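K.L.:
File name model-v2.pdb; file contents PDB, C-alpha atoms; full text below.
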```
ATOM      1  CA  GLU A  16     -95.990  18.544 -85.567
ATOM      2  CA  GLY A  17     -94.126  20.540 -88.186
ATOM      3  CA  GLY A  18     -91.966  17.533 -88.986
ATOM      4  CA  THR A  19     -91.194  16.380 -92.531
ATOM      5  CA  ILE A  20     -92.214  12.931 -93.778
ATOM      6  CA  ASN A  21     -91.734  11.086 -97.080
ATOM      7  CA  TYR A  22     -94.400   8.792 -98.479
ATOM      8  CA  THR A  23     -93.097   6.215-100.982
ATOM      9  CA  VAL A  24     -95.526   4.664-103.492
ATOM     10  CA  VAL A  25     -94.374   1.804-105.751
ATOM     11  CA  VAL A  26     -96.591   0.555-108.569
ATOM     12  CA  THR A  27     -95.569  -2.766-110.125
ATOM     13  CA  ASN A  28     -96.935  -4.584-113.161
ATOM     14  CA  ASN A  29     -96.971  -8.258-112.239
ATOM     15  CA  GLY A  30     -97.833  -9.080-115.828
ATOM     16  CA  PRO A  31     -98.047 -11.063-117.898
ATOM     17  CA  ASP A  32     -98.568  -8.210-120.397
ATOM     18  CA  THR A  33     -97.521  -4.595-120.744
ATOM     19  CA  THR A  34    -100.122  -2.106-119.503
ATOM     20  CA  THR A  35    -100.640   1.450-120.733
ATOM     21  CA  ASN A  36    -102.088   4.741-119.455
ATOM     22  CA  VAL A  37    -101.597   3.738-115.868
ATOM     23  CA  ALA A  38    -102.658   6.278-113.230
ATOM     24  CA  VAL A  39    -102.388   6.086-109.445
ATOM     25  CA  THR A  40    -104.258   8.471-107.131
ATOM     26  CA  ASP A  41    -102.702   9.528-103.827
ATOM     27  CA  LEU A  42    -104.364  12.701-102.574
ATOM     28  CA  LEU A  43    -102.804  13.731 -99.263
ATOM     29  CA  PRO A  44    -105.260  13.592 -96.356
ATOM     30  CA  ALA A  45    -106.058  16.383 -93.921
ATOM     31  CA  GLY A  46    -103.293  16.807 -91.370
ATOM     32  CA  VAL A  47    -100.355  16.813 -93.776
ATOM     33  CA  THR A  48     -99.394  19.457 -96.343
ATOM     34  CA  PHE A  49     -97.679  18.782 -99.668
ATOM     35  CA  SER A  50     -94.110  20.044-100.029
ATOM     36  CA  ALA A  51     -92.575  18.287-103.035
ATOM     37  CA  SER A  52     -92.661  15.132-105.136
ATOM     38  CA  ALA A  53     -90.349  13.042-107.281
ATOM     39  CA  ALA A  54     -91.258  10.211-109.643
ATOM     40  CA  THR A  55     -89.091   7.755-111.538
ATOM     41  CA  GLN A  56     -91.715   7.819-114.283
ATOM     42  CA  GLY A  57     -94.564  10.145-115.206
ATOM     43  CA  SER A  58     -95.735  13.168-113.209
ATOM     44  CA  TYR A  59     -97.673  13.856-110.016
ATOM     45  CA  SER A  60    -100.280  16.572-109.454
ATOM     46  CA  SER A  61    -100.590  17.540-105.793
ATOM     47  CA  GLY A  62    -103.901  19.307-106.461
ATOM     48  CA  THR A  63    -105.692  16.215-107.703
ATOM     49  CA  GLY A  64    -103.406  13.610-106.173
ATOM     50  CA  VAL A  65    -103.105  11.863-109.551
ATOM     51  CA  TRP A  66     -99.803  10.280-110.539
ATOM     52  CA  THR A  67     -99.845   9.803-114.314
ATOM     53  CA  VAL A  68     -97.541   6.822-114.704
ATOM     54  CA  GLY A  69     -97.978   5.915-118.369
ATOM     55  CA  THR A  70     -96.753   2.551-119.652
ATOM     56  CA  LEU A  71     -95.453  -0.283-117.499
ATOM     57  CA  ALA A  72     -93.918  -3.365-119.051
ATOM     58  CA  ASN A  73     -94.287  -6.801-117.560
ATOM     59  CA  ALA A  74     -92.433  -6.949-114.195
ATOM     60  CA  ALA A  75     -91.628  -3.214-114.331
ATOM     61  CA  SER A  76     -92.046  -0.858-111.371
ATOM     62  CA  ALA A  77     -92.233   2.906-110.936
ATOM     63  CA  THR A  78     -91.783   4.897-107.733
ATOM     64  CA  LEU A  79     -93.333   8.120-106.480
ATOM     65  CA  THR A  80     -92.004   9.933-103.426
ATOM     66  CA  ILE A  81     -94.189  12.607-101.822
ATOM     67  CA  THR A  82     -92.651  14.940 -99.236
ATOM     68  CA  ALA A  83     -95.077  16.524 -96.763
ATOM     69  CA  THR A  84     -95.085  18.436 -93.491
ATOM     70  CA  VAL A  85     -97.217  17.493 -90.504
ATOM     71  CA  ASP A  86     -99.743  20.197 -89.675
ATOM     72  CA  ALA A  87    -100.018  21.963 -86.319
ATOM     73  CA  GLY A  88    -102.869  20.819 -84.115
ATOM     74  CA  THR A  89    -102.623  17.173 -85.149
ATOM     75  CA  GLY A  90    -100.881  15.877 -82.031
ATOM     76  CA  GLY A  91    -102.222  12.579 -80.752
ATOM     77  CA  THR A  92    -104.050  11.771 -84.013
ATOM     78  CA  THR A  93    -103.490   9.013 -86.570
ATOM     79  CA  ILE A  94    -103.448  10.105 -90.216
ATOM     80  CA  VAL A  95    -104.020   7.504 -92.950
ATOM     81  CA  ASN A  96    -102.783   8.076 -96.514
ATOM     82  CA  THR A  97    -104.013   5.714 -99.283
ATOM     83  CA  ALA A  98    -102.698   5.228-102.820
ATOM     84  CA  ALA A  99    -104.721   3.305-105.396
ATOM     85  CA  VAL A 100    -104.549   2.415-109.084
ATOM     86  CA  THR A 101    -107.318   4.438-110.738
ATOM     87  CA  ALA A 102    -106.626   3.931-114.464
ATOM     88  CA  SER A 103    -105.163   1.361-116.848
ATOM     89  CA  ASP A 104    -105.988   0.448-120.453
ATOM     90  CA  GLN A 105    -105.756  -3.241-119.687
ATOM     91  CA  PRO A 106    -107.962  -5.077-117.184
ATOM     92  CA  ASP A 107    -106.399  -5.947-113.840
ATOM     93  CA  ASN A 108    -106.845  -9.614-113.051
ATOM     94  CA  ALA A 109    -105.914  -9.182-109.372
ATOM     95  CA  PRO A 110    -107.609  -5.970-108.120
ATOM     96  CA  GLY A 111    -107.090  -6.930-104.481
ATOM     97  CA  ASN A 112    -103.593  -5.432-104.476
ATOM     98  CA  ASP A 113    -104.451  -2.240-106.351
ATOM     99  CA  SER A 114    -104.270  -0.036-103.239
ATOM    100  CA  ASP A 115    -102.255   0.328-100.077
ATOM    101  CA  SER A 116    -102.123   2.690 -97.105
ATOM    102  CA  ALA A 117     -99.539   4.150 -94.755
ATOM    103  CA  SER A 118    -100.363   5.620 -91.345
ATOM    104  CA  ILE A 119     -98.620   8.093 -89.097
ATOM    105  CA  THR A 120     -99.447   8.817 -85.462
ATOM    106  CA  VAL A 121     -98.465  12.370 -84.556
ATOM    107  CA  GLU A 122     -96.849  12.788 -81.167
ATOM    108  CA  GLY A 123     -98.945  14.579 -78.573
ATOM    109  CA  ALA A 124     -98.689  15.273 -74.862
ATOM    110  CA  ASP A 125    -100.937  16.698 -72.145
ATOM    111  CA  LEU A 126     -98.829  18.781 -69.774
ATOM    112  CA  ALA A 127    -100.471  19.758 -66.483
ATOM    113  CA  ILE A 128     -99.247  22.332 -63.941
ATOM    114  CA  THR A 129    -100.096  22.425 -60.241
ATOM    115  CA  LYS A 130     -98.758  25.163 -57.976
ATOM    116  CA  THR A 131     -98.870  25.497 -54.185
ATOM    117  CA  VAL A 132     -97.290  27.621 -51.460
ATOM    118  CA  ASP A 133     -96.322  26.321 -48.027
ATOM    119  CA  ASP A 134     -97.629  29.381 -46.113
ATOM    120  CA  PRO A 135    -100.533  31.302 -47.679
ATOM    121  CA  THR A 136    -100.589  33.871 -44.825
ATOM    122  CA  PRO A 137     -96.915  34.631 -44.146
ATOM    123  CA  PRO A 138     -95.636  37.570 -42.122
ATOM    124  CA  GLU A 139     -93.881  40.414 -43.875
ATOM    125  CA  GLY A 140     -90.220  39.494 -44.114
ATOM    126  CA  GLY A 141     -91.058  35.810 -43.789
ATOM    127  CA  THR A 142     -89.810  33.046 -46.069
ATOM    128  CA  ILE A 143     -92.124  31.033 -48.301
ATOM    129  CA  ASN A 144     -91.673  28.103 -50.670
ATOM    130  CA  TYR A 145     -93.591  27.826 -53.932
ATOM    131  CA  THR A 146     -93.838  24.304 -55.384
ATOM    132  CA  VAL A 147     -94.571  23.796 -59.087
ATOM    133  CA  VAL A 148     -95.274  20.259 -60.319
ATOM    134  CA  LEU A 149     -95.270  19.575 -64.060
ATOM    135  CA  THR A 150     -96.909  16.278 -65.085
ATOM    136  CA  ASN A 151     -96.991  14.786 -68.567
ATOM    137  CA  ASN A 152    -100.272  12.911 -68.898
ATOM    138  CA  GLY A 153     -99.104  11.534 -72.265
ATOM    139  CA  PRO A 154     -99.589   9.745 -74.505
ATOM    140  CA  ASP A 155     -96.070  10.620 -75.756
ATOM    141  CA  THR A 156     -92.853  12.030 -74.320
ATOM    142  CA  ALA A 157     -92.772  15.835 -74.365
ATOM    143  CA  THR A 158     -89.558  17.565 -75.416
ATOM    144  CA  ASN A 159     -88.047  21.070 -75.229
ATOM    145  CA  ILE A 160     -90.437  22.145 -72.472
ATOM    146  CA  GLN A 161     -90.368  25.643 -71.014
ATOM    147  CA  VAL A 162     -92.443  26.832 -68.065
ATOM    148  CA  ASN A 163     -92.757  30.505 -67.138
ATOM    149  CA  ASP A 164     -92.861  31.358 -63.430
ATOM    150  CA  ALA A 165     -91.620  34.892 -62.876
ATOM    151  CA  LEU A 166     -92.099  35.982 -59.264
ATOM    152  CA  PRO A 167     -94.578  38.824 -58.883
ATOM    153  CA  THR A 168     -94.012  42.159 -57.183
ATOM    154  CA  GLY A 169     -94.137  41.709 -53.412
ATOM    155  CA  VAL A 170     -91.871  38.688 -53.098
ATOM    156  CA  THR A 171     -88.116  38.450 -53.679
ATOM    157  CA  PHE A 172     -86.290  35.446 -55.098
ATOM    158  CA  VAL A 173     -83.871  33.642 -52.762
ATOM    159  CA  SER A 174     -83.122  30.259 -54.319
ATOM    160  CA  SER A 175     -84.579  27.390 -56.370
ATOM    161  CA  ALA A 176     -84.312  23.628 -56.761
ATOM    162  CA  VAL A 177     -85.461  21.417 -59.652
ATOM    163  CA  THR A 178     -85.717  17.701 -60.340
ATOM    164  CA  ASN A 179     -85.193  18.293 -64.070
ATOM    165  CA  GLY A 180     -83.597  21.091 -66.070
ATOM    166  CA  VAL A 181     -82.709  24.528 -64.766
ATOM    167  CA  TYR A 182     -84.633  27.523 -63.391
ATOM    168  CA  ILE A 183     -83.422  31.022 -64.288
ATOM    169  CA  GLY A 184     -84.396  33.314 -61.443
ATOM    170  CA  GLY A 185     -83.926  36.532 -63.396
ATOM    171  CA  SER A 186     -86.302  35.649 -66.217
ATOM    172  CA  GLY A 187     -88.467  33.183 -64.324
ATOM    173  CA  VAL A 188     -88.074  30.495 -67.003
ATOM    174  CA  TRP A 189     -87.851  26.808 -66.067
ATOM    175  CA  ILE A 190     -86.178  24.948 -68.937
ATOM    176  CA  LEU A 191     -86.705  21.176 -69.028
ATOM    177  CA  GLY A 192     -85.192  18.748 -71.502
ATOM    178  CA  SER A 193     -87.873  16.096 -71.885
ATOM    179  CA  VAL A 194     -90.562  14.538 -69.690
ATOM    180  CA  GLY A 195     -91.853  11.058 -70.395
ATOM    181  CA  ALA A 196     -95.487  10.039 -70.334
ATOM    182  CA  ALA A 197     -96.847   9.641 -66.769
ATOM    183  CA  VAL A 198     -93.752  11.395 -65.363
ATOM    184  CA  SER A 199     -93.723  14.449 -63.063
ATOM    185  CA  ASP A 200     -90.986  16.972 -62.296
ATOM    186  CA  THR A 201     -90.868  19.586 -59.542
ATOM    187  CA  LEU A 202     -89.600  23.147 -59.187
ATOM    188  CA  THR A 203     -89.302  24.697 -55.711
ATOM    189  CA  ILE A 204     -88.787  28.456 -55.421
ATOM    190  CA  THR A 205     -87.826  29.995 -52.098
ATOM    191  CA  ALA A 206     -88.677  33.676 -51.667
ATOM    192  CA  THR A 207     -89.036  36.337 -48.977
ATOM    193  CA  VAL A 208     -92.151  38.442 -48.496
ATOM    194  CA  ASP A 209     -91.416  42.135 -48.962
ATOM    195  CA  VAL A 210     -92.022  44.645 -46.181
ATOM    196  CA  GLY A 211     -95.123  46.765 -46.740
ATOM    197  CA  THR A 212     -97.168  44.062 -48.437
ATOM    198  CA  SER A 213     -99.605  43.302 -45.615
ATOM    199  CA  GLY A 214    -103.220  43.759 -46.583
ATOM    200  CA  SER A 215    -102.597  42.744 -50.194
ATOM    201  CA  THR A 216    -103.017  39.504 -52.105
ATOM    202  CA  ILE A 217     -99.997  38.408 -54.135
ATOM    203  CA  THR A 218    -100.649  35.949 -56.965
ATOM    204  CA  ASN A 219     -97.911  33.830 -58.499
ATOM    205  CA  THR A 220     -98.688  31.931 -61.717
ATOM    206  CA  ALA A 221     -96.767  29.162 -63.475
ATOM    207  CA  SER A 222     -97.609  28.352 -67.116
ATOM    208  CA  VAL A 223     -96.368  26.042 -69.849
ATOM    209  CA  ALA A 224     -94.791  28.304 -72.468
ATOM    210  CA  PHE A 225     -93.431  25.858 -75.033
ATOM    211  CA  LEU A 226     -93.079  22.216 -76.028
ATOM    212  CA  ASP A 227     -92.394  20.471 -79.331
ATOM    213  CA  GLN A 228     -95.612  18.457 -79.285
ATOM    214  CA  SER A 229     -99.227  19.498 -79.424
ATOM    215  CA  ASP A 230    -100.876  19.824 -76.019
ATOM    216  CA  GLY A 231    -104.295  18.278 -76.312
ATOM    217  CA  ASN A 232    -105.599  19.830 -73.077
ATOM    218  CA  PRO A 233    -104.346  23.417 -72.700
ATOM    219  CA  ALA A 234    -106.839  24.131 -69.912
ATOM    220  CA  ASN A 235    -104.467  22.626 -67.321
ATOM    221  CA  ASP A 236    -101.305  24.304 -68.618
ATOM    222  CA  SER A 237    -101.182  26.889 -65.810
ATOM    223  CA  ASP A 238    -101.931  27.237 -62.111
ATOM    224  CA  SER A 239    -101.616  29.948 -59.462
ATOM    225  CA  ALA A 240    -100.945  30.259 -55.751
ATOM    226  CA  ASP A 241    -101.927  33.269 -53.604
ATOM    227  CA  ILE A 242    -100.429  34.661 -50.416
ATOM    228  CA  ASP A 243    -101.943  37.256 -48.073
ATOM    229  CA  PRO A 244     -99.059  38.778 -46.066
ATOM    230  CA  GLN A 245     -99.860  39.438 -42.411
ATOM    231  CA  GLY A 246     -98.760  42.367 -40.264
ATOM    232  CA  GLY A 247     -95.344  43.823 -39.996
ATOM    233  CA  ALA A 248     -94.090  42.529 -36.666
ATOM    234  CA  ASP A 249     -93.603  39.284 -34.785
ATOM    235  CA  LEU A 250     -93.990  39.841 -31.028
ATOM    236  CA  ALA A 251     -92.667  37.104 -28.759
ATOM    237  CA  VAL A 252     -93.080  36.809 -24.953
ATOM    238  CA  THR A 253     -90.906  34.754 -22.624
ATOM    239  CA  LYS A 254     -91.497  34.494 -18.881
ATOM    240  CA  ALA A 255     -89.256  33.186 -16.105
ATOM    241  CA  VAL A 256     -89.205  33.084 -12.296
ATOM    242  CA  ASP A 257     -86.013  33.345 -10.229
ATOM    243  CA  ASP A 258     -87.062  30.649  -7.731
ATOM    244  CA  PRO A 259     -89.482  27.975  -8.917
ATOM    245  CA  SER A 260     -89.628  26.279  -5.469
ATOM    246  CA  PRO A 261     -89.721  29.072  -2.849
ATOM    247  CA  SER A 262     -90.612  28.718   0.829
ATOM    248  CA  GLU A 263     -93.665  30.379   2.272
ATOM    249  CA  GLY A 264     -92.937  34.019   2.894
ATOM    250  CA  ASP A 265     -90.097  34.172   0.351
ATOM    251  CA  THR A 266     -89.965  36.846  -2.287
ATOM    252  CA  ILE A 267     -89.866  35.772  -5.895
ATOM    253  CA  VAL A 268     -89.223  37.736  -9.073
ATOM    254  CA  TYR A 269     -91.046  37.091 -12.320
ATOM    255  CA  THR A 270     -89.305  38.375 -15.450
ATOM    256  CA  VAL A 271     -91.325  38.998 -18.602
ATOM    257  CA  GLU A 272     -89.398  39.673 -21.810
ATOM    258  CA  LEU A 273     -91.132  41.013 -24.912
ATOM    259  CA  THR A 274     -89.230  40.853 -28.210
ATOM    260  CA  ASN A 275     -90.187  42.269 -31.582
ATOM    261  CA  ASN A 276     -88.716  39.879 -34.147
ATOM    262  CA  GLY A 277     -89.607  42.342 -36.882
ATOM    263  CA  PRO A 278     -89.143  43.024 -39.577
ATOM    264  CA  VAL A 279     -90.683  46.445 -38.774
ATOM    265  CA  ALA A 280     -91.417  48.442 -35.638
ATOM    266  CA  THR A 281     -94.808  48.129 -33.959
ATOM    267  CA  THR A 282     -96.762  50.600 -31.832
ATOM    268  CA  ASN A 283     -99.419  50.579 -29.075
ATOM    269  CA  VAL A 284     -98.239  47.250 -27.710
ATOM    270  CA  GLU A 285     -99.908  45.853 -24.573
ATOM    271  CA  VAL A 286     -99.002  42.739 -22.594
ATOM    272  CA  THR A 287    -101.349  41.285 -19.979
ATOM    273  CA  ASP A 288     -99.871  39.525 -16.955
TER     274      ASP A 288
END
```
Give the structure from the file, written as C-alpha cells.
P.N.:
Amino acid sequence: EGGTINYTVVVTNNGPDTTTNVAVTDLLPAGVTFSASAATQGSYSSGTGVWTVGTLANAASATLTITATVDAGTGGTTIVNTAAVTASDQPDNAPGNDSDSASITVEGADLAITKTVDDPTPPEGGTINYTVVLTNNGPDTATNIQVNDALPTGVTFVSSAVTNGVYIGGSGVWILGSVGAAVSDTLTITATVDVGTSGSTITNTASVAFLDQSDGNPANDSDSADIDPQGGADLAVTKAVDDPSPSEGDTIVYTVELTNNGPVATTNVEVTD
C-alpha cells in the first residue's frame, strides 16, 4: 500500500496495412491512483483513460507507460487493469488480441496480539511477568512492525526479553523487523508491583501501532492483562521442636517463628498454636 507501480501498454500493428486514428482505452481501476504517464506516440487522458495513438504503420508499435500509486486499504486484494483497442479507421482482422490485462496483488497481513500475566493476584512488592505474543496470520510477510506496551501506573519495569527486535522500556515500544506469515514472536516483560496498590485493578494493554501492510482484521490488534494486587505483607510461620524423639516425662521445647517478608509492616497479627 502506498507503493508506486508502472503499467506498460504496447500497441502493435501486425499489418498488412497502415491504420489511422487508433485509440486505446486504459482507465485505471479502483485501488490505484494515477500519478503520471508517458507515451512514445500520441497522448493519454487519465480522466477518460483514452490513449489517442494516431497512425500506426505496418509492423509499428507505440508504448504507453502509466505510473500509479497503490491506495490504502487495498491490502490482500487483487486489482486487474485492462487495456483495449477502442478505435481504428481500418477494420481489425484479428480482434482476439485487441486487449490485455495486468494484475497486482497488494500485500496484506493480519497481526494478532495475545497478552497474559503469570500471576493475576500478586502481592505488593511481588514480581510478575507479562507475556505478549504477536502472530502474523498472513497472507503476506509483515514489515516494520511496532507494538506499543507501556507499563501502567502501579507496576515498575525490571527487564525484558524478545524473540525478535528490541523492546524500549522507557517508551514501551517493541520494534520488530519483519514477521512472516504463520510466524509468532514473543515479548516478556518483568515488573514489580508497587507498594500501596492493593485493592486496585491494574490493566496493561499491548497494541499494534504500525506496519507497512494493511491489516485486514484490526479487531485482534490489541489485548490486555489485569492484575489485582493483594495485601501488603507476606507472613511466614516455621515451627521446630528441640527433641523429636523424647522419653516419657522429658521436657520438650517447641519454637514458633513468625516472619513478615514484607514489603510493608502489618498489624493485629494473631497466630494459633
K.L.:
Let me know the residues the PyMOL selection byres ((chain A and resi 68-75) around 12) catches in the file above, as a PyMOL selection string.
P.N.:
chain A and resi 24-40+54-60+65-67+76-79+100-105
K.L.:
I need the residue nearest Val173 (chain A) from this list: A:Thr146, A:Asn152, A:Thr19, A:Thr207. Use only C-alpha atoms for the distance.
P.N.:
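Closest residue, counting only C-alpha atoms: A:Thr207.
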K.L.:
I'd like the neighbourhood of Ala196 (chain A) as number ranges by chain, where a residue qualifies if any of its atoms comes within 12 Å (using all atoms listed in the file), though same-chain residues fewer than 6 positions away should be ignored.
P.N.:
A: 122-127, 149-158
K.L.:
Need to verify the contact set: Ser175 (chain A), 7 Å, all atoms listed in the file, exclusion of same-chain residues closer than 4 positions in sequence. Can you return it as a list in words?
P.N.:
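The filter keeps Thr203, Ile204 and Thr205 of chain A.
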K.L.:
Please report the interatomic distance between CA of Asp243 (chain A) and CA of Gly169 (chain A) in Å with one decimal.
P.N.:
10.5 Å
K.L.:
Where does the PyMOL selection byres ((chain A and resi 162) around 9) land in this file, that is, which residues does it pick, as number ranges by chain?
P.N.:
A: 149, 160-161, 163-164, 187-191, 221-225
K.L.:
Calculated over all atoms listed in the file, which of the candidates A:Asn21, A:Thr212, A:Asn275, A:Ser52 has the smallest distance to Pro138 (chain A)?
P.N.:
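Closest to Pro138 (chain A) of all the choices is A:Thr212.
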K.L.:
Work out how far apart CA of Asp249 (chain A) and CA of Phe172 (chain A) are and give it in Å to one decimal.
P.N.:
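Those two atoms sit 21.9 Å apart.
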K.L.:
Quick one, how far is CA of Gly140 (chain A) from CA of Ser186 (chain A)?
P.N.:
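Taking CA of Gly140 (chain A) as the start and CA of Ser186 (chain A) as the end point, the length is 22.8 Å.
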K.L.:
Would you write out, as a ChimeraX atom specification, every residue that the PyMOL selection byres ((chain A and resi 120) around 8) captures in this file?
P.N.:
/A:90-94,118-119,121-122
K.L.:
With only C-alpha atoms as the atoms that count, which of A:Val132, A:Val194, A:Val268, A:Val148 lies nearest to Ile242 (chain A)?
P.N.:
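Between A:Val132, A:Val194, A:Val268, A:Val148, the residue approaching Ile242 (chain A) most closely is A:Val132.
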K.L.:
With 8 Å as the threshold, what does the neighbourhood of (-101.1, 28.0, -55.4) contain in terms of residues, counting only C-alpha atoms? Coordinates are those of the file; answer as a VMD selection string.
P.N.:
chain A and resid 129 to 132 145 219 to 220 238 to 241
K.L.:
Choose the residue, out of A:Thr201, A:Asn159, A:Thr266, A:Ser193, that has the smallest atom-to-atom separation from Val177 (chain A); count all atoms listed in the file.
P.N.:
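Closest to Val177 (chain A), using all atoms listed in the file: A:Thr201.
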K.L.:
Let me make sure I understand: among A:Glu16, A:Asp86, A:Asp115, A:Asp288, which one has the smallest atom-to-atom distance to Asp227 (chain A) if we use all atoms listed in the file?
P.N.:
A:Glu16
K.L.:
Counting only C-alpha atoms, figure out which residue out of A:Thr84, A:Ser50, A:Thr89, A:Asn283 gets nearest to Ser229 (chain A).
P.N.:
A:Thr89
K.L.:
Given 4 Å on each side, where is the centre and what are the edge lengths in Å to one decimal of the axis-aligned box enclosing the listed atoms of region 53-68 of chain A, as JSON?
P.N.:
```
{"center_x": -97.4, "center_y": 13.1, "center_z": -110.5, "size_x": 24.6, "size_y": 20.5, "size_z": 17.4}
```
K.L.:
Show me, as a tab-separated table (two decimals) with C-alpha atoms, keeping the file's coordinate frame, the residues that have an atom within 8 Å of Val210 (chain A) when counting all atoms listed in the file, minus same-chain residues fewer than 3 positions from it.
P.N.:
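Below is the file result37.tsv, written as the result:
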```
chain	number	residue	atom	x	y	z
A	139	GLU	CA	-93.88	40.41	-43.88
A	140	GLY	CA	-90.22	39.49	-44.11
A	213	SER	CA	-99.60	43.30	-45.62
A	247	GLY	CA	-95.34	43.82	-40.00
A	278	PRO	CA	-89.14	43.02	-39.58
A	279	VAL	CA	-90.68	46.44	-38.77
```
K.L.:
Supply region 232-250 of chain A as a PDB file, keeping the file's coordinate frame, with N, CA, C and O atoms built in where the input has gaps.
P.N.:
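Result went into rebuild27.pdb, see below:
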```pdb
ATOM      1  N   ASN A 232    -104.726  19.320 -74.132  1.00  0.00           N
ATOM      2  CA  ASN A 232    -105.599  19.830 -73.077  1.00  0.00           C
ATOM      3  C   ASN A 232    -104.966  21.086 -72.472  1.00  0.00           C
ATOM      4  O   ASN A 232    -104.442  21.055 -71.355  1.00  0.00           O
ATOM      5  N   PRO A 233    -105.008  22.201 -73.188  1.00  0.00           N
ATOM      6  CA  PRO A 233    -104.346  23.417 -72.700  1.00  0.00           C
ATOM      7  C   PRO A 233    -104.978  24.013 -71.446  1.00  0.00           C
ATOM      8  O   PRO A 233    -104.376  24.878 -70.810  1.00  0.00           O
ATOM      9  N   ALA A 234    -106.153  23.555 -71.072  1.00  0.00           N
ATOM     10  CA  ALA A 234    -106.839  24.131 -69.912  1.00  0.00           C
ATOM     11  C   ALA A 234    -106.068  23.926 -68.615  1.00  0.00           C
ATOM     12  O   ALA A 234    -106.246  24.683 -67.657  1.00  0.00           O
ATOM     13  N   ASN A 235    -105.219  22.879 -68.558  1.00  0.00           N
ATOM     14  CA  ASN A 235    -104.467  22.626 -67.321  1.00  0.00           C
ATOM     15  C   ASN A 235    -103.002  23.014 -67.438  1.00  0.00           C
ATOM     16  O   ASN A 235    -102.159  22.524 -66.686  1.00  0.00           O
ATOM     17  N   ASP A 236    -102.702  23.908 -68.377  1.00  0.00           N
ATOM     18  CA  ASP A 236    -101.305  24.304 -68.618  1.00  0.00           C
ATOM     19  C   ASP A 236    -100.802  25.375 -67.652  1.00  0.00           C
ATOM     20  O   ASP A 236     -99.636  25.785 -67.750  1.00  0.00           O
ATOM     21  N   SER A 237    -101.634  25.875 -66.760  1.00  0.00           N
ATOM     22  CA  SER A 237    -101.182  26.889 -65.810  1.00  0.00           C
ATOM     23  C   SER A 237    -101.924  26.728 -64.488  1.00  0.00           C
ATOM     24  O   SER A 237    -103.009  26.145 -64.432  1.00  0.00           O
ATOM     25  N   ASP A 238    -101.304  27.258 -63.432  1.00  0.00           N
ATOM     26  CA  ASP A 238    -101.931  27.237 -62.111  1.00  0.00           C
ATOM     27  C   ASP A 238    -101.322  28.369 -61.290  1.00  0.00           C
ATOM     28  O   ASP A 238    -100.201  28.826 -61.571  1.00  0.00           O
ATOM     29  N   SER A 239    -102.050  28.813 -60.269  1.00  0.00           N
ATOM     30  CA  SER A 239    -101.616  29.948 -59.462  1.00  0.00           C
ATOM     31  C   SER A 239    -101.695  29.625 -57.976  1.00  0.00           C
ATOM     32  O   SER A 239    -102.461  28.749 -57.554  1.00  0.00           O
ATOM     33  N   ALA A 240    -100.897  30.344 -57.212  1.00  0.00           N
ATOM     34  CA  ALA A 240    -100.945  30.259 -55.751  1.00  0.00           C
ATOM     35  C   ALA A 240    -100.934  31.680 -55.196  1.00  0.00           C
ATOM     36  O   ALA A 240    -100.148  32.523 -55.642  1.00  0.00           O
ATOM     37  N   ASP A 241    -101.802  31.944 -54.217  1.00  0.00           N
ATOM     38  CA  ASP A 241    -101.927  33.269 -53.604  1.00  0.00           C
ATOM     39  C   ASP A 241    -101.352  33.277 -52.196  1.00  0.00           C
ATOM     40  O   ASP A 241    -101.434  32.275 -51.465  1.00  0.00           O
ATOM     41  N   ILE A 242    -100.782  34.425 -51.817  1.00  0.00           N
ATOM     42  CA  ILE A 242    -100.429  34.661 -50.416  1.00  0.00           C
ATOM     43  C   ILE A 242    -101.054  35.968 -49.976  1.00  0.00           C
ATOM     44  O   ILE A 242    -101.237  36.892 -50.776  1.00  0.00           O
ATOM     45  N   ASP A 243    -101.408  36.043 -48.689  1.00  0.00           N
ATOM     46  CA  ASP A 243    -101.943  37.256 -48.073  1.00  0.00           C
ATOM     47  C   ASP A 243    -101.033  37.614 -46.902  1.00  0.00           C
ATOM     48  O   ASP A 243    -101.229  37.121 -45.775  1.00  0.00           O
ATOM     49  N   PRO A 244    -100.017  38.447 -47.137  1.00  0.00           N
ATOM     50  CA  PRO A 244     -99.059  38.778 -46.066  1.00  0.00           C
ATOM     51  C   PRO A 244     -99.755  39.375 -44.850  1.00  0.00           C
ATOM     52  O   PRO A 244    -100.713  40.152 -44.970  1.00  0.00           O
ATOM     53  N   GLN A 245     -99.253  39.021 -43.668  1.00  0.00           N
ATOM     54  CA  GLN A 245     -99.860  39.438 -42.411  1.00  0.00           C
ATOM     55  C   GLN A 245     -98.911  40.345 -41.634  1.00  0.00           C
ATOM     56  O   GLN A 245     -97.746  40.012 -41.433  1.00  0.00           O
ATOM     57  N   GLY A 246     -99.447  41.487 -41.204  1.00  0.00           N
ATOM     58  CA  GLY A 246     -98.760  42.367 -40.264  1.00  0.00           C
ATOM     59  C   GLY A 246     -97.328  42.689 -40.625  1.00  0.00           C
ATOM     60  O   GLY A 246     -96.795  42.247 -41.614  1.00  0.00           O
ATOM     61  N   GLY A 247     -96.725  43.466 -39.738  1.00  0.00           N
ATOM     62  CA  GLY A 247     -95.344  43.823 -39.996  1.00  0.00           C
ATOM     63  C   GLY A 247     -94.423  43.463 -38.862  1.00  0.00           C
ATOM     64  O   GLY A 247     -93.245  43.805 -38.897  1.00  0.00           O
ATOM     65  N   ALA A 248     -94.928  42.815 -37.821  1.00  0.00           N
ATOM     66  CA  ALA A 248     -94.090  42.529 -36.666  1.00  0.00           C
ATOM     67  C   ALA A 248     -94.426  41.159 -36.104  1.00  0.00           C
ATOM     68  O   ALA A 248     -95.544  40.670 -36.236  1.00  0.00           O
ATOM     69  N   ASP A 249     -93.424  40.568 -35.458  1.00  0.00           N
ATOM     70  CA  ASP A 249     -93.603  39.284 -34.785  1.00  0.00           C
ATOM     71  C   ASP A 249     -93.229  39.479 -33.320  1.00  0.00           C
ATOM     72  O   ASP A 249     -92.043  39.511 -32.987  1.00  0.00           O
ATOM     73  N   LEU A 250     -94.245  39.646 -32.455  1.00  0.00           N
ATOM     74  CA  LEU A 250     -93.990  39.841 -31.028  1.00  0.00           C
ATOM     75  C   LEU A 250     -93.894  38.498 -30.330  1.00  0.00           C
ATOM     76  O   LEU A 250     -94.716  37.607 -30.553  1.00  0.00           O
TER      77      LEU A 250
END
```
